[in-house]
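Q: Starting off with a structure, shown below.
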Amino acid sequence: MASLLMTPLLPVMASVENPGLLPSPPMGFNNWARFECDLNETLFTETADSMLNRGLLDAGYNRLNLDDCWMQTSRAANGSLQWNSTLFPNGIPWLANYVQERGFHLGIYEDAGNATCGGYPGSFQHEEQDAETFANWGIDYLKLDGCNVYAEDGRPLRDEYHSLYSKWHTILNEMSQPLIFSESAPAYFCTNETDWMRVMDWIPFNGDLARHSDDILVYSGEGSAWESIMANYEFQIQLVRYQQPGYYNDPDFLIPDHPGLTEDEKKSHFALWASFGAPLIISAYIPDLPEEVITFLKNKDLITVDQDPLAEQAALVTRNADFDVLTRSLANGDRLLTVLNRGNKTAKITIPVAQLGLDSGCQYRARDLWTGAVETFKHSVEITLDSHATIVYRITPPRGCTKTTPTGMIFNTASGKCLTASSTVTFKACDAIDSQVWSVSGSGSQLTLSPLSDNSKCLAAKDGSISLVECGTGSGTIWSHFLTGHLKSDDGCLTDSSGASLGSCDQSVAGQIMGLPSGVQLAAGIA
């Protein structure tokens, strides 16, 4: 008999280097926001059974993730982690098998430091051992927190996080079946704009998703759940450029049974996260969720948007005192329109088609992804929304009108101000006007930027100043947008400093970190 030559399996590189490990954002359950340390085996078996019986598994929610406090307070004599046998009498491997038999995957929590946030053993100096332990238990997803991380020799703390998370990335990628890697490093720098962004710059190359901001408000926490959701939303809108197949920005859990939320706020939370293409990880007591909540969590149209293979993140088109308008492209050529009423009363908005990057001379078909209702519009779309409500349209262009131009705000992520084309080009408070909406043509290091208020003009940089010139005739109209957020011309980087100016490109200058519309191709490297 001839021998059969077997080709060794190569490690699957996680993150944007190879998106095959996680081609779409994860969906599932985590105990933390609802139960914190009050977790046990029964909670997870009941949750798995309920998710199966109530149709959440069929809808795509196929992950159950243990958070902090699952382990004993000390390691075994050989240094390995141990589960709390009172909370998990049958053991973690048994639980992994239980959920896998029902079609789910089991994930787990650890910490990059010497202790978890709850005071249990961290993974510091045990990384390889812990990775092997988790794999042997049947775990395929790791959420790595960042409590109790310390820098030595006076080096910046952000460099220590980079070293630890990169070490984990290497270890996981050397496994025959790497664990999905959820990073928490950025959340520890979100009070410092420049450090936060410098951490974000390496995050997509070291894991598959990253929690970038504060924990969403826990069930028993003091404060406003809606304000907590909106705080993480604000961080999310700054990070559009990082997301692509294989890496997803994570604004934290869905909390659909939080008593501080109205029905509209719960639905907005879900709709916004789906529009972002964010992880949809539910932290709630699923067996007791009302049927109307289960129904919107299973909304097939919004889940399809969330899981869209293009993996664009919705970006701001306009913003004023009441409304945020966001859009992104979908893999089949459709355009998503998401509108949030952030205000405290019912309000109406009219959105010109041109602001969405579409041809205003065409007639478009739009489907409301909440109701399924279909309407058509040509020059603009009018929307009335209750306070804190969100509507999502999937817009299908007619034949001959399929071109979409990346269009939306250019804003400084530190100040939140919009680049505005008036008598001079400057940064002003955002007010949903055409002079603050920019069309971006070209790709990579060959971008031109035109305001909708006068699309014959292009943003230009020359001799240290910013202006508008006739497109195709003026010098300095070619720009590059980088992963770091810098928008660079040959003369320097666009800077928000007492208006719009040019400055030497510097990663430590928060005024140079810009958010652009979704779909803008980044230049290689950094500015």
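In the structure tokens, chains take letters A, B, ... by order of appearance, with residues numbered from 1 within each chain and ligands from 1 in the order shown.
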Counting only C-alpha atoms, which residues of segment 120-213 of chain A fall within 8 Å of segment 58-77 of chain A, and what is the closest atom pair for each with its distance in Å at one decimal, ordered by chain and rising number, as a Markdown table?

A:
| residue | atom | partner | partner_atom | distance |
| --- | --- | --- | --- | --- |
| A:Tyr120 | CA | A:Thr73 | CA | 5.1 |
| A:Pro121 | CA | A:Ser74 | CA | 6.2 |
| A:Tyr141 | CA | A:Asn65 | CA | 7.7 |
| A:Lys143 | CA | A:Asp67 | CA | 7.9 |

Q: Go ahead and write the selection's residues with all heavy atoms as a compact mmCIF listing (two decimals), in the first residue's frame.

A:
# COMPACT_ATOMS: atom_id res chain seq x y z
N TYR A 120 -7.65 36.92 42.20
CA TYR A 120 -7.28 35.53 41.97
C TYR A 120 -5.97 35.47 41.18
O TYR A 120 -5.51 36.49 40.66
CB TYR A 120 -8.41 34.81 41.23
CG TYR A 120 -9.67 34.72 42.06
CD1 TYR A 120 -10.60 35.77 42.07
CD2 TYR A 120 -9.92 33.61 42.85
CE1 TYR A 120 -11.74 35.71 42.86
CE2 TYR A 120 -11.07 33.53 43.64
CZ TYR A 120 -11.97 34.59 43.64
OH TYR A 120 -13.09 34.51 44.43
N PRO A 121 -5.34 34.31 41.07
CA PRO A 121 -4.03 34.24 40.41
C PRO A 121 -4.06 34.76 38.97
O PRO A 121 -4.89 34.32 38.16
CB PRO A 121 -3.69 32.75 40.45
CG PRO A 121 -4.47 32.21 41.61
CD PRO A 121 -5.75 33.00 41.62
N TYR A 141 -11.49 30.27 23.78
CA TYR A 141 -11.64 31.72 23.78
C TYR A 141 -11.07 32.24 25.10
O TYR A 141 -11.43 31.73 26.17
CB TYR A 141 -13.12 32.05 23.67
CG TYR A 141 -13.53 33.52 23.61
CD1 TYR A 141 -14.10 34.05 22.45
CD2 TYR A 141 -13.43 34.35 24.72
CE1 TYR A 141 -14.52 35.37 22.42
CE2 TYR A 141 -13.84 35.67 24.68
CZ TYR A 141 -14.39 36.18 23.52
OH TYR A 141 -14.81 37.49 23.48
N LYS A 143 -10.48 35.75 27.34
CA LYS A 143 -10.55 37.19 27.64
C LYS A 143 -9.43 37.48 28.64
O LYS A 143 -9.45 36.99 29.77
CB LYS A 143 -11.90 37.55 28.24
CG LYS A 143 -11.98 39.01 28.73
CD LYS A 143 -13.31 39.31 29.42
CE LYS A 143 -13.30 40.70 30.04
NZ LYS A 143 -14.58 40.99 30.76

Q: Show which residues sit within 8 Å of Gly408 of chain A, as a PyMOL selection string. Count only C-alpha atoms, and ignore same-chain residues fewer than 4 positions away.

A: chain A and resi 315-318+355-357+436-439+516-517

Q: Wanna dump the segment 453-491 of chain A-segment 231-251 of chain A contacts at 10 Å for me, each residue with its shortest atom pair and the distance in Å to one decimal, counting only C-alpha atoms, ordered by chain and number, as CSV?

A:
residue,atom,partner,partner_atom,distance
A:His481,CA,A:Arg241,CA,9.3
A:Phe482,CA,A:Arg241,CA,8.5
A:Leu483,CA,A:Arg241,CA,6.5
A:Thr484,CA,A:Arg241,CA,8.8
A:Gly485,CA,A:Arg241,CA,7.8

Q: Could the residues in this selection be saved with all heavy atoms as a PDB file, in the first residue's frame?

A:
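That gives us out_10.pdb:
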ATOM      1  N   HIS A 481      -4.035  58.874   5.089  1.00  0.00           N
ATOM      2  CA  HIS A 481      -4.582  58.602   6.417  1.00  0.00           C
ATOM      3  C   HIS A 481      -3.967  57.314   6.939  1.00  0.00           C
ATOM      4  O   HIS A 481      -3.955  56.301   6.239  1.00  0.00           O
ATOM      5  CB  HIS A 481      -6.102  58.477   6.352  1.00  0.00           C
ATOM      6  CG  HIS A 481      -6.753  58.481   7.706  1.00  0.00           C
ATOM      7  ND1 HIS A 481      -7.777  57.630   8.045  1.00  0.00           N
ATOM      8  CD2 HIS A 481      -6.518  59.228   8.816  1.00  0.00           C
ATOM      9  CE1 HIS A 481      -8.164  57.873   9.295  1.00  0.00           C
ATOM     10  NE2 HIS A 481      -7.402  58.821   9.779  1.00  0.00           N
ATOM     11  N   PHE A 482      -3.470  57.368   8.175  1.00  0.00           N
ATOM     12  CA  PHE A 482      -2.709  56.260   8.736  1.00  0.00           C
ATOM     13  C   PHE A 482      -3.470  55.598   9.889  1.00  0.00           C
ATOM     14  O   PHE A 482      -4.370  56.190  10.478  1.00  0.00           O
ATOM     15  CB  PHE A 482      -1.347  56.755   9.228  1.00  0.00           C
ATOM     16  CG  PHE A 482      -0.435  57.234   8.131  1.00  0.00           C
ATOM     17  CD1 PHE A 482      -0.494  58.547   7.685  1.00  0.00           C
ATOM     18  CD2 PHE A 482       0.468  56.365   7.531  1.00  0.00           C
ATOM     19  CE1 PHE A 482       0.336  58.989   6.666  1.00  0.00           C
ATOM     20  CE2 PHE A 482       1.297  56.807   6.505  1.00  0.00           C
ATOM     21  CZ  PHE A 482       1.232  58.114   6.074  1.00  0.00           C
ATOM     22  N   LEU A 483      -3.058  54.379  10.219  1.00  0.00           N
ATOM     23  CA  LEU A 483      -3.668  53.665  11.336  1.00  0.00           C
ATOM     24  C   LEU A 483      -3.594  54.484  12.622  1.00  0.00           C
ATOM     25  O   LEU A 483      -4.493  54.420  13.469  1.00  0.00           O
ATOM     26  CB  LEU A 483      -2.965  52.322  11.541  1.00  0.00           C
ATOM     27  CG  LEU A 483      -3.576  51.399  12.586  1.00  0.00           C
ATOM     28  CD1 LEU A 483      -4.873  50.787  12.070  1.00  0.00           C
ATOM     29  CD2 LEU A 483      -2.603  50.299  12.982  1.00  0.00           C
ATOM     30  N   THR A 484      -2.555  55.266  12.782  1.00  0.00           N
ATOM     31  CA  THR A 484      -2.394  56.097  13.976  1.00  0.00           C
ATOM     32  C   THR A 484      -3.419  57.220  14.058  1.00  0.00           C
ATOM     33  O   THR A 484      -3.518  57.885  15.083  1.00  0.00           O
ATOM     34  CB  THR A 484      -0.991  56.715  13.999  1.00  0.00           C
ATOM     35  OG1 THR A 484      -0.788  57.462  12.782  1.00  0.00           O
ATOM     36  CG2 THR A 484       0.083  55.650  14.127  1.00  0.00           C
ATOM     37  N   GLY A 485      -4.165  57.451  12.973  1.00  0.00           N
ATOM     38  CA  GLY A 485      -5.150  58.527  12.952  1.00  0.00           C
ATOM     39  C   GLY A 485      -4.653  59.802  12.307  1.00  0.00           C
ATOM     40  O   GLY A 485      -5.433  60.748  12.117  1.00  0.00           O
TER      41      GLY A 485
END

Q: Choose the residue, out of A:Phe35, A:Met409, A:Cys117, A:Asn136, that has the smallest atom-to-atom separation from Ala96 of chain A; count only C-alpha atoms.

A: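 Of A:Phe35, A:Met409, A:Cys117, A:Asn136, the one nearest Ala96 of chain A, counting only C-alpha atoms, is A:Asn136.
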
Q: Name the residues of segment 86-202 of chain A that fall into strand (DSSP E) according to DSSP on the backbone, using the chain letters and numbers of this document, as a PyMOL selection string.

A: chain A and resi 105-111+139-145+180-183

Q: Skip segment 494-505 of chain A itself and residues of its chain fewer than 3 positions away, then list as an MDAnalysis selection string all residues within 6 Å of it, counting only C-alpha atoms.

A: chainID A and resid 426:427 464:466 487 511:512

Q: Keeping N, CA, C and O atoms, export the residues of the selection given above as a compact mmCIF listing (two decimals), in the first residue's frame.

A:
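Here's the written file out-v2.txt:
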# COMPACT_ATOMS: atom_id res chain seq x y z
N THR A 426 -11.53 75.28 9.47
CA THR A 426 -11.23 75.28 10.89
C THR A 426 -11.94 74.11 11.56
O THR A 426 -12.69 73.36 10.91
N PHE A 427 -11.73 73.93 12.84
CA PHE A 427 -12.47 72.94 13.62
C PHE A 427 -13.51 73.65 14.46
O PHE A 427 -13.21 74.61 15.16
N GLY A 464 2.42 75.53 5.77
CA GLY A 464 1.97 75.53 7.15
C GLY A 464 0.53 75.92 7.38
O GLY A 464 0.10 76.05 8.52
N SER A 465 -0.24 76.11 6.31
CA SER A 465 -1.64 76.54 6.48
C SER A 465 -2.57 75.59 5.73
O SER A 465 -2.16 74.85 4.83
N ILE A 466 -3.86 75.64 6.10
CA ILE A 466 -4.90 74.80 5.53
C ILE A 466 -5.88 75.69 4.78
O ILE A 466 -6.29 76.74 5.28
N LEU A 487 -3.67 62.47 9.56
CA LEU A 487 -4.03 62.84 8.20
C LEU A 487 -2.91 63.74 7.69
O LEU A 487 -2.78 64.89 8.12
N GLY A 511 -4.20 66.29 19.27
CA GLY A 511 -4.88 67.13 18.29
C GLY A 511 -4.67 66.69 16.86
O GLY A 511 -5.28 67.25 15.94
N GLN A 512 -3.81 65.69 16.62
CA GLN A 512 -3.56 65.19 15.27
C GLN A 512 -4.26 63.86 15.00
O GLN A 512 -4.13 63.31 13.90

Q: Step one, run DSSP on the backbone; step two, keep only residues of segment 16-131 of chain A assigned to alpha helix (DSSP H); then write them as a PyMOL selection string.

A: chain A and resi 32-35+41-53+56-59+92-101+127-131

Q: Need the shell around Asn78 of chain A: protein/DNA/RNA residues with any atom at most 12 Å away, counting only C-alpha atoms. Skip same-chain ones fewer than 2 positions apart. Format as a list in words?

A: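 The residues satisfying every condition are Ser74, Arg75, Ala76, Ser80, Leu81, Gln82, His126, Gln129, Asp130 and Thr133 of chain A.
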
Q: Output C-alpha atoms for every residue in that selection, as an mmCIF file, in the first residue's frame.

A:
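The result, stored in out20.cif:
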data_model
loop_
_atom_site.group_PDB
_atom_site.id
_atom_site.type_symbol
_atom_site.label_atom_id
_atom_site.label_comp_id
_atom_site.auth_asym_id
_atom_site.auth_seq_id
_atom_site.Cartn_x
_atom_site.Cartn_y
_atom_site.Cartn_z
ATOM 1 C CA SER A 74 -3.981 29.770 44.683
ATOM 2 C CA ARG A 75 -2.350 27.633 42.040
ATOM 3 C CA ALA A 76 -1.672 23.913 42.401
ATOM 4 C CA SER A 80 -1.359 25.191 37.265
ATOM 5 C CA LEU A 81 -4.656 27.020 37.725
ATOM 6 C CA GLN A 82 -7.466 25.275 39.576
ATOM 7 C CA HIS A 126 2.597 31.367 33.758
ATOM 8 C CA GLN A 129 1.241 26.818 31.210
ATOM 9 C CA ASP A 130 -2.126 28.575 31.374
ATOM 10 C CA THR A 133 -4.292 24.244 30.582
#

Q: Please provide as a PyMOL selection string all residues within 7 Å of Gly146 of chain A, with the sequence filter that same-chain residues fewer than 3 positions apart are discarded (counting only C-alpha atoms).

A: chain A and resi 111-113+149+184-185

Q: Those same residues, written as a tab-separated table (two decimals), in the first residue's frame with all heavy atoms?

A:
chain	number	residue	atom	x	y	z
A	111	ASP	N	-5.95	37.17	33.54
A	111	ASP	CA	-5.39	38.51	33.64
A	111	ASP	C	-3.92	38.48	33.29
A	111	ASP	O	-3.21	37.53	33.64
A	111	ASP	CB	-5.59	39.05	35.07
A	111	ASP	CG	-5.35	40.53	35.16
A	111	ASP	OD1	-4.16	40.95	35.14
A	111	ASP	OD2	-6.33	41.29	35.26
A	112	ALA	N	-3.46	39.51	32.59
A	112	ALA	CA	-2.07	39.57	32.17
A	112	ALA	C	-1.12	39.86	33.34
A	112	ALA	O	0.08	39.62	33.24
A	112	ALA	CB	-1.89	40.63	31.09
A	113	GLY	N	-1.65	40.39	34.44
A	113	GLY	CA	-0.82	40.75	35.58
A	113	GLY	C	-0.63	39.60	36.55
A	113	GLY	O	-0.90	38.44	36.25
A	149	VAL	N	-0.88	45.02	36.49
A	149	VAL	CA	0.27	45.01	35.58
A	149	VAL	C	1.18	46.17	35.99
A	149	VAL	O	0.71	47.30	36.17
A	149	VAL	CB	-0.16	45.15	34.12
A	149	VAL	CG1	1.05	45.34	33.21
A	149	VAL	CG2	-0.98	43.94	33.68
A	184	SER	N	-7.84	43.29	26.68
A	184	SER	CA	-8.42	44.36	27.49
A	184	SER	C	-7.46	45.50	27.73
A	184	SER	O	-7.78	46.43	28.49
A	184	SER	CB	-8.90	43.80	28.84
A	184	SER	OG	-9.95	42.89	28.69
A	185	ALA	N	-6.28	45.46	27.13
A	185	ALA	CA	-5.26	46.47	27.41
A	185	ALA	C	-5.74	47.91	27.20
A	185	ALA	O	-5.48	48.78	28.04
A	185	ALA	CB	-4.01	46.19	26.58
